[in-house]
Structures are given as structure tokens and as C-alpha cells.
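The next block is entry_9.pdb, given as PDB, N, CA and C atoms, pLDDT in the B column.
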ATOM      1  N   MET X   1     102.827  75.634  97.603  1.00 78.00           N
ATOM      2  CA  MET X   1     103.307  75.317  96.285  1.00 78.00           C
ATOM      3  C   MET X   1     104.401  76.318  95.911  1.00 78.00           C
ATOM      4  N   THR X   2     105.458  75.831  95.333  1.00 83.00           N
ATOM      5  CA  THR X   2     106.553  76.692  94.889  1.00 83.00           C
ATOM      6  C   THR X   2     106.941  76.321  93.467  1.00 83.00           C
ATOM      7  N   HIS X   3     107.678  77.198  92.841  1.00 82.00           N
ATOM      8  CA  HIS X   3     108.219  76.917  91.519  1.00 82.00           C
ATOM      9  C   HIS X   3     109.494  77.718  91.328  1.00 82.00           C
ATOM     10  N   ASP X   4     110.284  77.318  90.371  1.00 85.00           N
ATOM     11  CA  ASP X   4     111.541  77.992  90.045  1.00 85.00           C
ATOM     12  C   ASP X   4     111.428  78.592  88.654  1.00 85.00           C
ATOM     13  N   ARG X   5     112.222  79.625  88.430  1.00 79.00           N
ATOM     14  CA  ARG X   5     112.313  80.206  87.095  1.00 79.00           C
ATOM     15  C   ARG X   5     113.769  80.187  86.683  1.00 79.00           C
ATOM     16  N   VAL X   6     114.028  79.658  85.515  1.00 81.00           N
ATOM     17  CA  VAL X   6     115.382  79.585  84.989  1.00 81.00           C
ATOM     18  C   VAL X   6     115.510  80.632  83.896  1.00 81.00           C
ATOM     19  N   ILE X   7     116.543  81.462  83.995  1.00 74.00           N
ATOM     20  CA  ILE X   7     116.805  82.487  83.000  1.00 74.00           C
ATOM     21  C   ILE X   7     118.144  82.185  82.348  1.00 74.00           C
ATOM     22  N   ARG X   8     118.150  82.172  81.052  1.00 76.00           N
ATOM     23  CA  ARG X   8     119.390  81.933  80.309  1.00 76.00           C
ATOM     24  C   ARG X   8     119.918  83.277  79.827  1.00 76.00           C
ATOM     25  N   PHE X   9     121.149  83.597  80.173  1.00 66.00           N
ATOM     26  CA  PHE X   9     121.751  84.876  79.825  1.00 66.00           C
ATOM     27  C   PHE X   9     122.556  84.744  78.535  1.00 66.00           C
ATOM     28  N   VAL X  10     121.957  85.161  77.437  1.00 73.00           N
ATOM     29  CA  VAL X  10     122.613  85.093  76.140  1.00 73.00           C
ATOM     30  C   VAL X  10     122.429  86.434  75.473  1.00 73.00           C
ATOM     31  N   PRO X  11     123.410  87.079  74.987  1.00 71.00           N
ATOM     32  CA  PRO X  11     124.822  86.719  75.078  1.00 71.00           C
ATOM     33  C   PRO X  11     125.381  87.026  76.460  1.00 71.00           C
ATOM     34  N   ALA X  12     126.637  86.666  76.664  1.00 87.00           N
ATOM     35  CA  ALA X  12     127.307  86.970  77.926  1.00 87.00           C
ATOM     36  C   ALA X  12     127.414  88.484  78.074  1.00 87.00           C
ATOM     37  N   PHE X  13     127.383  88.962  79.295  1.00 90.00           N
ATOM     38  CA  PHE X  13     127.435  90.395  79.553  1.00 90.00           C
ATOM     39  C   PHE X  13     128.879  90.863  79.695  1.00 90.00           C
ATOM     40  N   ASP X  14     129.111  92.092  79.252  1.00 92.00           N
ATOM     41  CA  ASP X  14     130.462  92.653  79.300  1.00 92.00           C
ATOM     42  C   ASP X  14     130.890  93.026  80.712  1.00 92.00           C
ATOM     43  N   THR X  15     129.909  93.399  81.551  1.00 94.00           N
ATOM     44  CA  THR X  15     130.248  93.828  82.913  1.00 94.00           C
ATOM     45  C   THR X  15     129.284  93.201  83.912  1.00 94.00           C
ATOM     46  N   HIS X  16     129.721  93.184  85.150  1.00 93.00           N
ATOM     47  CA  HIS X  16     128.862  92.717  86.233  1.00 93.00           C
ATOM     48  C   HIS X  16     127.627  93.610  86.345  1.00 93.00           C
ATOM     49  N   ASP X  17     127.812  94.926  86.210  1.00 95.00           N
ATOM     50  CA  ASP X  17     126.687  95.857  86.302  1.00 95.00           C
ATOM     51  C   ASP X  17     125.638  95.594  85.226  1.00 95.00           C
ATOM     52  N   ALA X  18     126.075  95.305  84.018  1.00 92.00           N
ATOM     53  CA  ALA X  18     125.136  95.019  82.934  1.00 92.00           C
ATOM     54  C   ALA X  18     124.329  93.757  83.238  1.00 92.00           C
ATOM     55  N   ALA X  19     124.986  92.733  83.769  1.00 87.00           N
ATOM     56  CA  ALA X  19     124.292  91.496  84.127  1.00 87.00           C
ATOM     57  C   ALA X  19     123.321  91.734  85.278  1.00 87.00           C
ATOM     58  N   ALA X  20     123.733  92.488  86.280  1.00 91.00           N
ATOM     59  CA  ALA X  20     122.862  92.776  87.422  1.00 91.00           C
ATOM     60  C   ALA X  20     121.655  93.606  86.989  1.00 91.00           C
ATOM     61  N   ARG X  21     121.874  94.566  86.107  1.00 92.00           N
ATOM     62  CA  ARG X  21     120.784  95.408  85.606  1.00 92.00           C
ATOM     63  C   ARG X  21     119.761  94.551  84.852  1.00 92.00           C
ATOM     64  N   PHE X  22     120.253  93.665  83.989  1.00 87.00           N
ATOM     65  CA  PHE X  22     119.366  92.785  83.232  1.00 87.00           C
ATOM     66  C   PHE X  22     118.575  91.874  84.171  1.00 87.00           C
ATOM     67  N   ALA X  23     119.257  91.281  85.143  1.00 85.00           N
ATOM     68  CA  ALA X  23     118.587  90.392  86.088  1.00 85.00           C
ATOM     69  C   ALA X  23     117.512  91.132  86.882  1.00 85.00           C
ATOM     70  N   THR X  24     117.810  92.350  87.304  1.00 89.00           N
ATOM     71  CA  THR X  24     116.838  93.145  88.054  1.00 89.00           C
ATOM     72  C   THR X  24     115.626  93.471  87.192  1.00 89.00           C
ATOM     73  N   GLU X  25     115.871  93.886  85.949  1.00 88.00           N
ATOM     74  CA  GLU X  25     114.769  94.204  85.045  1.00 88.00           C
ATOM     75  C   GLU X  25     113.895  92.979  84.793  1.00 88.00           C
ATOM     76  N   GLN X  26     114.511  91.821  84.621  1.00 84.00           N
ATOM     77  CA  GLN X  26     113.756  90.595  84.388  1.00 84.00           C
ATOM     78  C   GLN X  26     112.926  90.223  85.617  1.00 84.00           C
ATOM     79  N   ALA X  27     113.509  90.349  86.798  1.00 86.00           N
ATOM     80  CA  ALA X  27     112.784  90.024  88.028  1.00 86.00           C
ATOM     81  C   ALA X  27     111.596  90.953  88.223  1.00 86.00           C
ATOM     82  N   LEU X  28     111.801  92.250  88.001  1.00 88.00           N
ATOM     83  CA  LEU X  28     110.709  93.208  88.158  1.00 88.00           C
ATOM     84  C   LEU X  28     109.606  92.958  87.139  1.00 88.00           C
ATOM     85  N   ALA X  29     109.969  92.617  85.914  1.00 88.00           N
ATOM     86  CA  ALA X  29     108.970  92.313  84.892  1.00 88.00           C
ATOM     87  C   ALA X  29     108.185  91.057  85.275  1.00 88.00           C
ATOM     88  N   TRP X  30     108.861  90.085  85.846  1.00 84.00           N
ATOM     89  CA  TRP X  30     108.218  88.832  86.226  1.00 84.00           C
ATOM     90  C   TRP X  30     107.181  89.045  87.332  1.00 84.00           C
ATOM     91  N   ILE X  31     107.483  89.941  88.284  1.00 89.00           N
ATOM     92  CA  ILE X  31     106.529  90.193  89.367  1.00 89.00           C
ATOM     93  C   ILE X  31     105.549  91.303  89.013  1.00 89.00           C
ATOM     94  N   GLY X  32     105.719  91.908  87.837  1.00 85.00           N
ATOM     95  CA  GLY X  32     104.765  92.900  87.383  1.00 85.00           C
ATOM     96  C   GLY X  32     104.962  94.281  87.947  1.00 85.00           C
ATOM     97  N   ARG X  33     106.173  94.608  88.339  1.00 73.00           N
ATOM     98  CA  ARG X  33     106.469  95.927  88.891  1.00 73.00           C
ATOM     99  C   ARG X  33     107.395  96.672  87.942  1.00 73.00           C
ATOM    100  N   PRO X  34     107.022  97.895  87.538  1.00 68.00           N
ATOM    101  CA  PRO X  34     107.926  98.640  86.658  1.00 68.00           C
ATOM    102  C   PRO X  34     109.208  99.038  87.384  1.00 68.00           C
ATOM    103  N   ALA X  35     110.287  99.112  86.639  1.00 61.00           N
ATOM    104  CA  ALA X  35     111.566  99.542  87.204  1.00 61.00           C
ATOM    105  C   ALA X  35     111.486 101.018  87.562  1.00 61.00           C
ATOM    106  N   CYS X  36     112.084 101.383  88.668  1.00 66.00           N
ATOM    107  CA  CYS X  36     112.118 102.774  89.118  1.00 66.00           C
ATOM    108  C   CYS X  36     113.287 103.473  88.437  1.00 66.00           C
ATOM    109  N   ALA X  37     113.030 104.621  87.839  1.00 59.00           N
ATOM    110  CA  ALA X  37     114.082 105.350  87.112  1.00 59.00           C
ATOM    111  C   ALA X  37     115.233 105.758  88.013  1.00 59.00           C
ATOM    112  N   SER X  38     114.985 105.942  89.302  1.00 60.00           N
ATOM    113  CA  SER X  38     116.060 106.360  90.214  1.00 60.00           C
ATOM    114  C   SER X  38     116.845 105.189  90.797  1.00 60.00           C
ATOM    115  N   ASP X  39     116.447 103.964  90.464  1.00 59.00           N
ATOM    116  CA  ASP X  39     117.120 102.771  90.977  1.00 59.00           C
ATOM    117  C   ASP X  39     118.406 102.556  90.190  1.00 59.00           C
ATOM    118  N   PRO X  40     119.584 102.623  90.833  1.00 57.00           N
ATOM    119  CA  PRO X  40     120.839 102.464  90.102  1.00 57.00           C
ATOM    120  C   PRO X  40     120.973 101.111  89.415  1.00 57.00           C
ATOM    121  N   ALA X  41     120.287 100.096  89.903  1.00 54.00           N
ATOM    122  CA  ALA X  41     120.376  98.784  89.277  1.00 54.00           C
ATOM    123  C   ALA X  41     119.657  98.730  87.936  1.00 54.00           C
ATOM    124  N   THR X  42     118.713  99.661  87.710  1.00 52.00           N
ATOM    125  CA  THR X  42     117.957  99.640  86.468  1.00 52.00           C
ATOM    126  C   THR X  42     118.231 100.849  85.591  1.00 52.00           C
ATOM    127  N   THR X  43     119.123 101.702  86.005  1.00 55.00           N
ATOM    128  CA  THR X  43     119.465 102.893  85.212  1.00 55.00           C
ATOM    129  C   THR X  43     120.498 102.497  84.162  1.00 55.00           C
ATOM    130  N   ASN X  44     120.244 102.851  82.924  1.00 56.00           N
ATOM    131  CA  ASN X  44     121.157 102.516  81.836  1.00 56.00           C
ATOM    132  C   ASN X  44     122.383 103.409  81.905  1.00 56.00           C
ATOM    133  N   LYS X  45     123.541 102.839  82.180  1.00 52.00           N
ATOM    134  CA  LYS X  45     124.785 103.593  82.326  1.00 52.00           C
ATOM    135  C   LYS X  45     125.571 103.630  81.033  1.00 52.00           C
ATOM    136  N   GLU X  46     125.133 102.911  80.005  1.00 48.00           N
ATOM    137  CA  GLU X  46     125.900 102.815  78.767  1.00 48.00           C
ATOM    138  C   GLU X  46     125.590 103.966  77.851  1.00 48.00           C
TER     139      GLU X  46
END

Can you give me the file's structure in the form of C-alpha cells?
Amino acid sequence: MTHDRVIRFVPAFDTHDAAARFATEQALAWIGRPACASDPATTNKE
């Protein structure tokens, strides 16, 4: 059995990094794994 998850990105992101960071955080939350502080994809650069 499989399923899909659709994520709507609102509002649009200012940078590719911001969108990638959000997507990574959402994926990790969905699988129940906390984001690692040393992971550049989840580190807040703003």
C-alpha cells in the first residue's frame, strides 16, 4: 500500500534555500524525526 502527500507552499519563498529548508522540515516532521541543528538544510540562515 502506498500514498502520496501534497504540500502547498504558501506564500512563495524568497529563495531556493528557504523553500528547501521548509520542505526538509516538513518531511522530517511527517516522519517524526526532529531536525538536526547541524544540518545546513534545517539551519535558519535568516

Tell me, in Å to one decimal, how far CA of Ala20 (chain X) is from CA of Asp4 (chain X).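 That distance, rounded to one decimal, is 18.8 Å.
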
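Here CA of Ala12 (chain X) and CA of Ile31 (chain X) stand 23.9 Å from one another.
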
Suppose you want the space between atom C of Thr15 (chain X) and atom C of Gly32 (chain X); what is it in Å? 24.7 Å

Hey, can I get the axis-aligned box for region 4-12 of chain X? All listed atoms, 5 Å padding on each side, centre and edge lengths in Å to one decimal, as lines of an AutoDock Vina configuration file.
center_x = 118.8
center_y = 82.9
center_z = 82.7
size_x = 27.1
size_y = 21.2
size_z = 25.4
